[in-house]
$ cat model26.txt   # compact mmCIF, C-alpha atoms
# COMPACT_ATOMS: atom_id res chain seq x y z
CA MET M 278 -0.91 16.72 -1.94
CA GLY M 279 -2.05 19.84 -3.69
CA GLU M 280 -1.07 22.96 -1.81
CA ASP M 281 -4.34 24.79 -2.49
CA THR M 282 -6.62 21.93 -1.50
CA ASP M 283 -7.55 20.31 1.75
CA ALA M 284 -4.86 17.90 2.93
CA THR M 285 -6.40 14.86 1.30
CA SER M 286 -9.65 15.83 -0.37
CA THR M 287 -8.11 15.00 -3.75
CA LEU M 288 -7.87 11.28 -3.09
CA LYS M 289 -9.55 9.02 -5.59
CA ASN M 290 -10.23 5.31 -5.71
CA LEU M 291 -7.60 3.11 -7.37
CA GLY M 292 -8.89 -0.35 -6.69
CA PHE M 293 -11.51 -2.13 -4.70
CA LEU M 294 -11.98 -5.61 -3.32
CA PRO M 295 -15.77 -5.99 -3.33
CA ASP M 296 -17.61 -7.61 -0.50
CA HIS M 297 -20.17 -10.36 -0.74
CA ASN M 298 -23.84 -9.97 -0.01
CA TYR M 299 -23.09 -11.36 3.42
CA VAL M 300 -20.02 -11.02 5.62
CA THR M 301 -18.51 -14.12 7.15
CA GLU M 302 -16.06 -13.83 10.04
CA ALA M 303 -13.33 -15.48 7.94
CA ASP M 304 -13.50 -12.73 5.29
CA ILE M 305 -12.74 -9.87 7.69
CA ILE M 306 -9.36 -8.30 6.83
CA SER M 307 -7.02 -8.32 9.83
CA THR M 308 -3.81 -6.79 8.42
CA VAL M 309 -2.61 -4.74 5.40
CA GLU M 310 1.00 -4.19 4.31
CA PHE M 311 2.79 -2.71 1.26
CA ASN M 312 6.15 -4.15 0.29
CA HIS M 313 9.26 -1.92 0.24
CA THR M 314 8.69 -0.73 -3.36
CA GLY M 315 4.92 -0.43 -3.07
CA GLU M 316 4.43 -2.63 -6.14
CA LEU M 317 2.88 -5.38 -4.02
CA LEU M 318 0.24 -5.13 -1.31
CA ALA M 319 -0.61 -8.02 1.01
CA THR M 320 -3.71 -8.48 3.14
CA GLY M 321 -4.40 -11.16 5.74
CA ASP M 322 -7.83 -12.14 7.02
CA LYS M 323 -9.45 -13.96 9.91
CA GLY M 324 -9.72 -17.11 7.78
CA GLY M 325 -5.92 -17.46 7.65
CA ARG M 326 -5.67 -16.41 4.00
CA VAL M 327 -3.16 -14.01 2.48
CA VAL M 328 -4.12 -12.13 -0.69
CA ILE M 329 -1.33 -10.35 -2.60
CA PHE M 330 -2.18 -7.54 -5.01
CA GLN M 331 0.20 -6.36 -7.73
CA ARG M 332 0.25 -2.91 -9.26
CA GLU M 333 -0.35 -2.97 -12.99
CA PRO M 334 2.12 -1.06 -15.22
CA GLU M 335 1.17 2.48 -16.21
CA SER M 336 -0.97 2.75 -19.32
CA LYS M 337 0.93 3.68 -22.49
CA THR M 338 -2.04 5.67 -23.76
CA GLU M 339 -2.25 7.58 -20.45
CA PRO M 340 1.36 8.05 -19.32
CA PHE M 341 0.37 9.99 -16.19
CA SER M 342 -2.22 7.52 -14.98
CA GLN M 343 -1.22 5.19 -12.18
CA GLY M 344 -1.60 1.45 -12.54
CA GLU M 345 -4.35 -0.23 -10.54
CA TYR M 346 -3.81 -3.07 -8.08
CA ASN M 347 -5.13 -6.49 -9.10
CA VAL M 348 -5.02 -9.87 -7.38
CA TYR M 349 -1.59 -11.44 -7.91
CA SER M 350 -1.80 -14.50 -5.65
CA THR M 351 -3.95 -15.97 -2.89
CA PHE M 352 -2.85 -18.67 -0.48
CA GLN M 353 -3.79 -20.25 2.83
CA SER M 354 -1.15 -19.17 5.33
CA HIS M 355 -2.48 -20.64 8.58
CA GLU M 356 -5.01 -23.31 9.53
CA PRO M 357 -6.94 -23.57 12.81
CA GLU M 358 -5.06 -25.68 15.38
CA PHE M 359 -5.69 -27.09 18.81
CA ASP M 360 -3.25 -27.00 21.74
CA TYR M 361 -3.96 -30.30 23.51
CA LEU M 362 -1.78 -29.50 26.51
CA LYS M 363 -3.71 -26.32 27.30
CA SER M 364 -7.03 -27.31 25.70
CA LEU M 365 -6.96 -24.12 23.65
CA GLU M 366 -8.05 -23.48 20.09
CA ILE M 367 -5.49 -21.51 18.08
CA GLU M 368 -7.21 -19.27 15.54
CA GLU M 369 -6.03 -19.14 11.94
CA LYS M 370 -6.46 -15.33 11.86
CA ILE M 371 -3.46 -13.48 10.39
CA ASN M 372 -2.33 -10.91 12.98
CA LYS M 373 0.52 -9.33 11.03
CA ILE M 374 2.32 -9.49 7.68
CA ARG M 375 5.80 -8.08 7.11
CA TRP M 376 7.69 -8.06 3.79
CA LEU M 377 11.41 -8.68 3.60
CA PRO M 378 13.41 -6.35 1.32
CA GLN M 379 13.72 -7.94 -2.12
CA GLN M 380 17.13 -9.52 -2.74
CA ASN M 381 16.44 -11.36 -6.00
CA ALA M 382 13.57 -12.09 -8.39
CA ALA M 383 11.51 -13.69 -5.64
CA HIS M 384 9.63 -11.92 -2.83
CA PHE M 385 9.57 -13.08 0.79
CA LEU M 386 7.09 -12.24 3.52
CA LEU M 387 6.47 -13.18 7.14
CA SER M 388 2.94 -13.90 8.36
CA THR M 389 1.83 -14.78 11.87
CA ASN M 390 -1.25 -15.90 13.74
CA ASP M 391 -1.43 -15.99 17.55
CA LYS M 392 1.37 -18.56 17.92
CA THR M 393 3.20 -19.47 14.72
CA ILE M 394 5.22 -17.29 12.33
CA LYS M 395 5.84 -18.46 8.75
CA LEU M 396 8.25 -17.28 6.05
CA TRP M 397 6.80 -17.50 2.54
CA LYS M 398 8.51 -17.30 -0.84
CA VAL M 399 6.52 -15.75 -3.70
CA SER M 400 8.02 -16.38 -7.13
CA GLU M 401 7.02 -16.40 -10.80
CA ARG M 402 7.50 -19.16 -13.34
CA ASP M 403 6.92 -18.68 -17.07
CA LYS M 404 8.93 -21.63 -18.40
CA CYS M 405 8.40 -25.37 -18.12
CA PRO M 406 11.02 -28.13 -18.65
CA GLU M 407 10.25 -30.71 -21.36
CA GLY M 408 12.03 -33.68 -22.89
CA TYR M 409 13.08 -35.71 -19.85
CA ASN M 410 14.83 -39.00 -20.55
CA LEU M 411 13.39 -40.94 -17.61
CA LYS M 412 9.93 -39.31 -17.36
CA ASP M 413 7.03 -39.26 -19.80
CA GLU M 414 4.96 -36.16 -20.59
CA GLU M 415 2.70 -36.74 -17.58
CA GLY M 416 5.65 -37.01 -15.19
CA HIS M 417 5.56 -40.77 -14.70
CA ILE M 418 8.85 -42.70 -14.54
CA LYS M 419 9.61 -44.58 -17.76
CA ASP M 420 10.72 -48.18 -17.94
CA ILE M 421 14.51 -47.86 -18.38
CA SER M 422 14.53 -50.70 -20.91
CA THR M 423 12.43 -48.58 -23.29
CA VAL M 424 14.94 -45.71 -23.31
CA THR M 425 16.99 -46.17 -26.47
CA SER M 426 18.42 -42.67 -26.93
CA LEU M 427 19.29 -39.67 -24.84
CA GLN M 428 17.98 -36.14 -25.34
CA VAL M 429 18.73 -32.79 -23.72
CA PRO M 430 15.72 -31.42 -21.80
CA VAL M 431 14.65 -27.92 -22.85
CA LEU M 432 12.71 -25.08 -21.23
CA ARG M 433 9.53 -24.12 -23.10
CA PRO M 434 7.60 -20.87 -22.51
CA THR M 435 4.36 -21.38 -20.61
CA ASP M 436 1.65 -19.28 -19.02
CA LEU M 437 2.86 -17.18 -16.10
CA MET M 438 2.41 -18.97 -12.80
CA VAL M 439 2.82 -17.40 -9.36
CA GLU M 440 4.10 -19.96 -6.88
CA VAL M 441 3.91 -19.47 -3.12
CA SER M 442 5.86 -21.88 -0.94
CA PRO M 443 6.56 -22.01 2.82
CA ARG M 444 10.30 -21.73 3.50
CA ARG M 445 10.44 -21.59 7.32
CA VAL M 446 8.06 -22.18 10.22
CA PHE M 447 8.93 -20.47 13.51
CA ALA M 448 6.85 -22.12 16.21
CA ASN M 449 6.66 -22.93 19.94
CA ALA M 450 8.25 -19.72 21.19
CA HIS M 451 5.21 -17.78 22.43
CA THR M 452 3.05 -18.67 25.40
CA TYR M 453 0.81 -15.66 24.80
CA HIS M 454 -0.73 -14.20 21.64
CA VAL M 455 1.68 -12.69 19.10
CA ASN M 456 0.72 -9.06 18.43
CA SER M 457 3.72 -7.81 16.41
CA ILE M 458 6.49 -8.91 14.09
CA SER M 459 9.20 -6.57 12.78
CA VAL M 460 12.08 -7.21 10.37
CA ASN M 461 15.42 -5.76 11.43
CA SER M 462 17.44 -3.40 9.22
CA ASP M 463 20.24 -6.01 9.11
CA TYR M 464 17.80 -8.16 7.03
CA GLU M 465 19.01 -11.24 8.91
CA THR M 466 16.91 -11.08 12.06
CA TYR M 467 13.39 -10.19 13.09
CA MET M 468 11.49 -9.95 16.34
CA SER M 469 8.11 -11.16 17.49
CA ALA M 470 6.22 -9.79 20.48
CA ASP M 471 3.39 -11.19 22.56
CA ASP M 472 1.65 -9.80 25.65
CA LEU M 473 4.63 -10.33 27.97
CA ARG M 474 7.71 -11.16 25.93
CA VAL M 475 9.70 -10.08 22.87
CA ASN M 476 11.78 -12.71 21.02
CA LEU M 477 14.60 -12.21 18.53
CA TRP M 478 14.87 -14.69 15.63
CA HIS M 479 17.36 -15.35 12.86
CA LEU M 480 15.56 -15.81 9.55
CA ASP M 481 17.50 -19.02 8.84
CA ILE M 482 17.05 -20.65 12.26
CA THR M 483 13.65 -21.98 13.28
CA ASP M 484 14.37 -24.10 16.33
CA ARG M 485 15.51 -21.34 18.71
CA SER M 486 15.02 -17.67 19.43
CA PHE M 487 16.45 -15.28 22.01
CA ASN M 488 14.21 -13.67 24.59
CA ILE M 489 15.11 -9.96 24.64
CA VAL M 490 12.24 -8.58 26.76
CA ASP M 491 10.36 -10.38 29.51
CA ILE M 492 7.93 -8.38 31.67
CA LYS M 493 6.18 -11.41 33.18
CA PRO M 494 6.11 -11.01 36.99
CA ALA M 495 6.94 -13.95 39.27
CA ASN M 496 3.35 -13.82 40.49
CA MET M 497 0.79 -13.14 37.75
CA GLU M 498 -1.40 -11.36 40.28
CA ASP M 499 1.22 -8.58 40.24
CA LEU M 500 0.76 -8.04 36.50
CA THR M 501 -0.02 -4.37 35.81
CA GLU M 502 0.66 -3.97 32.09
CA VAL M 503 1.13 -5.90 28.86
CA ILE M 504 3.11 -5.32 25.65
CA THR M 505 0.82 -4.06 22.89
CA ALA M 506 3.19 -3.48 19.93
CA ALA M 507 6.90 -3.57 19.03
CA GLU M 508 9.04 -2.39 16.12
CA PHE M 509 12.70 -2.20 15.09
CA HIS M 510 14.34 1.12 14.24
CA PRO M 511 14.46 1.51 10.42
CA HIS M 512 18.22 2.21 10.30
CA HIS M 513 19.90 1.14 13.57
CA CYS M 514 19.74 -2.64 13.98
CA ASN M 515 20.40 -2.44 17.73
CA LEU M 516 17.40 -0.26 18.58
CA PHE M 517 13.76 -1.24 19.00
CA VAL M 518 10.71 0.16 20.74
CA TYR M 519 7.76 -1.50 22.45
CA SER M 520 4.55 0.02 23.75
CA SER M 521 2.43 -0.95 26.72
CA SER M 522 -1.17 -0.94 27.87
CA LYS M 523 -0.23 1.81 30.33
CA GLY M 524 0.46 4.24 27.50
CA THR M 525 4.25 4.14 27.78
CA LEU M 526 6.92 3.56 25.13
CA ARG M 527 10.26 1.95 25.91
CA LEU M 528 13.22 2.35 23.59
CA CYS M 529 15.75 -0.45 24.06
CA ASP M 530 19.34 -0.89 22.88
CA MET M 531 20.47 -4.48 22.39
CA ARG M 532 24.12 -3.42 22.79
CA GLU M 533 23.57 -2.70 26.49
CA ALA M 534 22.47 -6.18 27.59
CA ALA M 535 21.26 -9.49 26.22
CA LEU M 536 17.97 -9.07 28.10
CA CYS M 537 16.57 -5.57 27.50
CA ASP M 538 14.39 -5.41 30.61
CA LYS M 539 16.01 -2.08 31.43
CA HIS M 540 15.06 0.40 28.76
CA SER M 541 17.32 3.14 27.37
CA LYS M 542 14.50 5.67 27.18
CA LEU M 543 10.99 5.81 28.58
CA PHE M 544 8.46 7.95 26.74
CA GLU M 545 5.51 8.82 28.94
CA GLU M 546 3.07 11.71 29.14
CA PRO M 547 2.17 12.79 32.69
CA GLU M 548 -1.51 12.22 33.42
CA ASP M 549 -3.73 15.20 34.15
CA PRO M 550 -5.29 14.38 37.55
CA SER M 551 -8.33 16.54 36.81
CA ALA M 552 -9.13 14.51 33.67
CA ARG M 553 -8.81 11.11 35.35
CA SER M 554 -11.81 8.78 35.07
CA PHE M 555 -12.70 5.10 35.23
CA PHE M 556 -11.73 4.78 31.55
CA SER M 557 -8.39 6.65 31.71
CA GLU M 558 -6.19 3.57 31.75
CA ILE M 559 -8.13 1.81 28.99
CA ILE M 560 -8.08 4.73 26.56
CA SER M 561 -4.41 5.49 27.23
CA SER M 562 -3.32 1.99 26.13
CA VAL M 563 -1.14 2.25 23.00
CA SER M 564 -2.56 0.10 20.22
CA ASP M 565 0.16 0.75 17.62
CA VAL M 566 3.65 2.26 17.37
CA LYS M 567 5.54 3.11 14.16
CA PHE M 568 8.96 4.62 13.58
CA SER M 569 9.06 7.39 10.99
CA HIS M 570 10.98 6.59 7.81
CA SER M 571 13.73 8.96 8.99
CA GLY M 572 13.97 7.12 12.32
CA ARG M 573 13.75 10.41 14.25
CA TYR M 574 10.11 10.16 15.38
CA LEU M 575 7.64 7.67 16.79
CA LEU M 576 3.94 7.64 15.91
CA THR M 577 1.58 6.07 18.42
CA ARG M 578 -2.15 5.52 18.52
CA ASP M 579 -4.30 5.19 21.61
CA TYR M 580 -8.10 5.08 21.68
CA LEU M 581 -8.80 8.79 21.18
CA THR M 582 -5.54 10.29 19.91
CA ALA M 583 -2.53 9.88 17.64
CA LYS M 584 0.78 11.21 18.99
CA VAL M 585 4.14 11.99 17.44
CA TRP M 586 7.15 11.62 19.75
CA ASP M 587 10.68 12.92 19.17
CA LEU M 588 13.31 10.33 20.16
CA ASN M 589 15.19 13.16 21.86
CA MET M 590 12.27 14.24 24.08
CA GLU M 591 10.87 11.69 26.51
CA ASN M 592 8.68 13.74 28.83
CA LYS M 593 5.85 14.57 26.41
CA PRO M 594 4.79 14.04 22.80
CA LEU M 595 5.87 16.54 20.19
CA GLU M 596 2.39 16.58 18.65
CA THR M 597 -1.01 15.28 19.75
CA TYR M 598 -3.88 14.84 17.28
CA GLN M 599 -7.48 14.28 18.36
CA VAL M 600 -8.84 11.47 16.20
CA HIS M 601 -12.42 11.39 17.47
CA ASP M 602 -12.66 13.52 20.58
CA TYR M 603 -16.44 13.63 20.16
CA LEU M 604 -16.50 10.07 21.58
CA ARG M 605 -15.27 11.21 24.98
CA SER M 606 -18.87 11.59 26.18
CA LYS M 607 -19.71 8.11 24.81
CA LEU M 608 -17.04 6.10 26.66
CA CYS M 609 -19.57 4.41 28.95
CA SER M 610 -21.58 2.90 26.09
CA LEU M 611 -18.38 2.10 24.17
CA TYR M 612 -17.17 0.19 27.23
CA GLU M 613 -20.43 -1.75 27.41
CA ASN M 614 -20.24 -2.83 23.76
CA ASP M 615 -16.46 -3.53 24.01
CA CYS M 616 -15.59 -1.00 21.29
CA ILE M 617 -13.34 0.80 23.77
CA PHE M 618 -10.92 -2.14 23.43
CA ASP M 619 -10.60 -1.78 19.63
CA LYS M 620 -7.00 -1.58 18.46
CA PHE M 621 -6.53 1.06 15.74
CA GLU M 622 -3.33 1.15 13.71
CA CYS M 623 -1.54 4.23 12.34
CA ALA M 624 0.70 5.01 9.36
CA TRP M 625 3.21 7.60 8.08
CA ASN M 626 3.35 8.88 4.53
CA GLY M 627 6.64 8.49 2.64
CA SER M 628 8.06 11.87 3.71
CA ASP M 629 6.84 11.66 7.36
CA SER M 630 4.80 14.84 6.86
CA VAL M 631 1.31 13.33 7.09
CA ILE M 632 -0.08 10.65 9.39
CA MET M 633 -3.15 8.48 8.94
CA THR M 634 -5.30 6.38 11.25
CA GLY M 635 -8.77 4.85 11.29
CA ALA M 636 -12.01 5.58 13.13
CA TYR M 637 -15.64 4.40 13.23
CA ASN M 638 -18.39 4.60 10.60
CA ASN M 639 -15.73 3.59 8.01
CA PHE M 640 -14.07 6.98 8.55
CA PHE M 641 -10.33 7.49 8.48
CA ARG M 642 -8.38 10.56 9.54
CA MET M 643 -5.35 12.28 8.06
CA PHE M 644 -3.26 14.97 9.74
CA ASP M 645 -0.78 17.20 7.90
CA ARG M 646 2.05 17.91 10.34
CA ASN M 647 3.25 21.02 8.47
CA THR M 648 0.00 22.87 7.78
CA LYS M 649 -1.77 21.44 10.87
CA ARG M 650 -4.78 20.73 8.65
CA ASP M 651 -6.74 17.55 9.16
CA VAL M 652 -9.47 15.79 7.23
CA THR M 653 -11.99 13.00 7.79
CA LEU M 654 -12.66 10.75 4.81
CA GLU M 655 -14.97 7.79 4.34
CA ALA M 656 -14.26 4.44 2.71
CA SER M 657 -17.71 3.48 1.47
CA ARG M 658 -19.60 1.86 -1.39
CA GLU M 659 -20.29 5.31 -2.83
CA SER M 660 -16.57 6.08 -3.03
CA SER M 661 -15.72 2.64 -4.43
CA LYS M 662 -16.50 3.58 -8.03
CA PRO M 663 -13.26 3.87 -10.02
CA ARG M 664 -11.85 7.41 -10.08
CA ALA M 665 -14.46 8.62 -7.59
CA VAL M 666 -13.25 11.62 -5.59
CA LEU M 667 -13.52 11.46 -1.80
CA LYS M 668 -15.37 14.25 -0.08
CA PRO M 669 -14.34 15.37 3.42
CA ARG M 670 -16.79 14.36 6.16
CA ARG M 671 -17.50 16.04 9.48
CA VAL M 672 -18.91 14.61 12.69
CA CYS M 673 -21.05 16.88 14.83
CA ALA M 674 -20.67 16.38 18.58
CA ALA M 675 -23.81 15.82 20.62
CA GLY M 676 -25.54 19.16 21.18
CA GLY M 677 -23.26 20.98 18.73
CA LYS M 678 -24.29 23.12 15.77
CA ARG M 679 -24.96 20.93 12.76
CA ARG M 680 -24.22 21.85 9.16
CA LYS M 681 -25.93 20.38 6.11
CA ASP M 682 -23.71 17.33 5.48
CA ASP M 683 -22.59 16.80 9.08
CA ILE M 684 -23.06 13.41 10.69
CA SER M 685 -24.33 13.27 14.25
CA VAL M 686 -22.17 11.36 16.71
CA ASP M 687 -25.32 9.45 17.72
CA SER M 688 -25.75 8.09 14.19
CA LEU M 689 -22.21 6.68 13.84
CA ASP M 690 -22.07 2.95 13.07
CA PHE M 691 -19.62 1.40 15.53
CA THR M 692 -19.68 -1.96 13.75
CA LYS M 693 -18.00 -0.30 10.75
CA LYS M 694 -14.48 0.42 11.91
CA ILE M 695 -11.20 1.00 10.08
CA LEU M 696 -8.55 -0.65 12.23
CA HIS M 697 -5.96 -1.44 9.54
CA THR M 698 -4.38 1.05 7.13
CA ALA M 699 -1.17 1.23 5.10
CA TRP M 700 0.60 3.95 3.11
CA HIS M 701 2.68 3.37 -0.02
CA PRO M 702 6.37 3.87 0.91
CA THR M 703 7.01 6.64 -1.64
CA GLU M 704 3.75 7.68 -3.32
CA ASN M 705 0.40 9.05 -2.20
CA ILE M 706 -1.40 5.74 -2.34
CA ILE M 707 -3.17 4.37 0.71
CA ALA M 708 -4.81 1.03 1.48
CA ILE M 709 -7.80 0.96 3.83
CA ALA M 710 -9.30 -2.23 5.25
CA ALA M 711 -12.98 -1.80 6.12
CA THR M 712 -14.35 -5.09 7.48
CA ASN M 713 -14.09 -7.41 4.44
CA ASN M 714 -13.46 -4.67 1.87
CA LEU M 715 -10.10 -3.35 0.72
CA TYR M 716 -10.11 0.21 -0.61
CA ILE M 717 -7.09 1.66 -2.39
CA PHE M 718 -6.99 5.43 -2.92
CA GLN M 719 -4.44 7.74 -4.51
CA ASP M 720 -3.87 11.47 -4.79
CA LYS M 721 -5.16 12.39 -8.23
CA LEU M 722 -2.66 15.24 -8.59
CA ASN M 723 0.18 12.69 -8.81
CA SER M 724 2.30 14.98 -6.66
CA ASP M 725 4.61 14.23 -3.78
CA MET M 726 3.37 14.90 -0.25
CA HIS M 727 4.93 18.08 1.07
$ encode --input "model26.txt" --output "structure tokens"
Amino acid sequence: MGEDTDATSTLKNLGFLPDHNYVTEADIISTVEFNHTGELLATGDKGGRVVIFQREPESKTEPFSQGEYNVYSTFQSHEPEFDYLKSLEIEEKINKIRWLPQQNAAHFLLSTNDKTIKLWKVSERDKCPEGYNLKDEEGHIKDISTVTSLQVPVLRPTDLMVEVSPRRVFANAHTYHVNSISVNSDYETYMSADDLRVNLWHLDITDRSFNIVDIKPANMEDLTEVITAAEFHPHHCNLFVYSSSKGTLRLCDMREAALCDKHSKLFEEPEDPSARSFFSEIISSVSDVKFSHSGRYLLTRDYLTAKVWDLNMENKPLETYQVHDYLRSKLCSLYENDCIFDKFECAWNGSDSVIMTGAYNNFFRMFDRNTKRDVTLEASRESSKPRAVLKPRRVCAAGGKRRKDDISVDSLDFTKKILHTAWHPTENIIAIAATNNLYIFQDKLNSDMH
């Protein structure tokens, strides 16, 4: 971002998925993910749909302008199901999407709901075969007796079609709700995690997986924590991390044992006894964990803070950022309306120098690790106009001094929450999911993040 400006006050709107006059539950976006080049962006929603956006090429008349993202393909990934053995409804909601690195002209992505993971192939077709010997123009089989001569079928140009087809279905491996999927750096395997177990899959094998973490106690009454997120190391295929509802991170090495119940490293911050309250355990639960692109750091998000951990230092986080500390006095009411259980995600920029995470009132926060500056921005209808520049926002704590444009903590809308965010892998482009709206912003200076 610009060196002389606030960390992210130069962001402008690149694209916008408008909402309807009314919001249905099925339209609420539940996951956002850029592919490895950033040219494609996928969103999943509570209705089981996946929408893929493609970045348009740069304008020839404006060589320095960035292409906007437009809808590339939409498909139904999951349908509602019913588990007759357990008398449970299985929601169609897409919990996570993960892209596989592109190996050929086609793109592949994994999507999961609470129980079933699917591998999808996304490909383009701009030619159509014509001139079959045994089929007529409508595709019906001809009477062989009418075929008097043979011809060579040819490919004719046709309108571009984007085809999405299911290639694999990975089912029946999770008793509890799947909260994470992560593709390994070997590009052959991936893992899926639910509340109590982590499974390792081969992308070509659907009928079996290997259980690599199992924290289920013999007696469920002894259960004290659950797995909240899991991710593979970006470069070392043997390493992965998983987070827990107790606020701990466990780094595991698959070379040590087939079942990684014994971690290699445990990252945990000692609790301050003087700050302990009824809500301490709830707000310390880690809702998301992400390796930095370099693989050296871990970024975690709990209810009130975002933390950066160094893999070489287990006893405390390297950096702690207060996301919305002004809510500390509101925990009682947030517990009563269940907002305290919201699971916010976090994201790194391409150079690991800035982190981003969501908050309430359609606010999202960005923290520059080098300058220690931070900014609060809002994804709103006002900022949805093309090329609109985002203005920094500020929340005034209850009883604090209020400036002209400050927002009082009492006037925050807790129904408007930004849980899901994504950052372009190399450029300063971010995707923000706000209920059923998708906002895409970019740094107007077109500079790299330093």
$ residues_around --input "model26.txt" --residues "region 545-562 of chain M" --least-positions-apart "4" --cutoff "12 Å" --atoms "all atoms listed in the file" --output "VMD selection string"
chain M and resid 501 to 506 520 to 528 566 577 to 588 590 to 597 602 604 to 613 615 to 621
$ atom_distance --input "model26.txt" --atom1 "CA of Phe352 (chain M)" --atom2 "CA of Val328 (chain M)"
6.7 Å
$ closest_residue --input "model26.txt" --among "M:Leu480, M:Ile706, M:Ala382, M:Ala448" --to "Ile394 (chain M)" --atoms "all atoms listed in the file"
M:Ala448
$ axis_aligned_box --input "model26.txt" --around "region 550-562 of chain M" --padding-each-side "5 Å" --output "lines of an AutoDock Vina configuration file"
center_x = -8.0
center_y = 9.2
center_z = 31.8
size_x = 19.4
size_y = 24.7
size_z = 21.4
$ residues_around --input "model26.txt" --residues "His697 (chain M)" --least-positions-apart "3" --cutoff "8 Å" --atoms "all atoms listed in the file" --output "PyMOL selection string"
chain M and resi 307-309+621-623+635+709-711
$ atom_distance --input "model26.txt" --atom1 "CA of Pro357 (chain M)" --atom2 "CA of Thr389 (chain M)"
12.5 Å
$ closest_residue --input "model26.txt" --among "M:Arg670, M:Lys323, M:Arg532, M:Lys694" --to "Leu516 (chain M)" --atoms "all atoms listed in the file"
M:Arg532
$ residues_around --input "model26.txt" --residues "Phe641 (chain M)" --least-positions-apart "5" --cutoff "6 Å" --atoms "all atoms listed in the file" --output "PyMOL selection string"
chain M and resi 634-636+653-654
$ write_last_selection --input "model26.txt" --atoms "C-alpha atoms" --output "short mmCIF file (atom, residue, chain, number, x, y, z; two decimals), keeping the file's coordinate frame"
data_model
loop_
_atom_site.label_atom_id
_atom_site.label_comp_id
_atom_site.auth_asym_id
_atom_site.auth_seq_id
_atom_site.Cartn_x
_atom_site.Cartn_y
_atom_site.Cartn_z
CA THR M 634 -5.30 6.38 11.25
CA GLY M 635 -8.77 4.85 11.29
CA ALA M 636 -12.01 5.58 13.13
CA THR M 653 -11.99 13.00 7.79
CA LEU M 654 -12.66 10.75 4.81
#
$ closest_residue --input "model26.txt" --among "M:Asn390, M:Ser354, M:Gln380, M:Asn372" --to "Ile306 (chain M)" --atoms "all atoms listed in the file"
M:Asn372
$ closest_residue --input "model26.txt" --among "M:Lys412, M:Lys373, M:Lys419, M:Lys398" --to "Val441 (chain M)" --atoms "all atoms listed in the file"
M:Lys398
$ residues_around --input "model26.txt" --residues "region 384-386 of chain M" --least-positions-apart "4" --cutoff "10 Å" --atoms "all atoms listed in the file" --output "list in words"
Asn312, Leu317, Ala319, Ile374, Arg375, Trp376, Leu377, Pro378, Gln379, Gln380, Lys395, Leu396, Trp397, Lys398, Val399, Ser400, Glu401, Val441, Ser442, Pro443, Arg444 and Val460 of chain M
$ atom_distance --input "model26.txt" --atom1 "CA of Thr692 (chain M)" --atom2 "CA of Val563 (chain M)"
21.1 Å
$ residues_around --input "model26.txt" --residues "His355 (chain M)" --least-positions-apart "2" --cutoff "9 Å" --atoms "all atoms listed in the file" --output "list in words"
Gly324, Gly325, Arg326, Gln353, Pro357, Glu358, Glu368, Glu369, Lys370, Ile371, Ser388, Thr389, Asn390, Thr393 and Lys395 of chain M
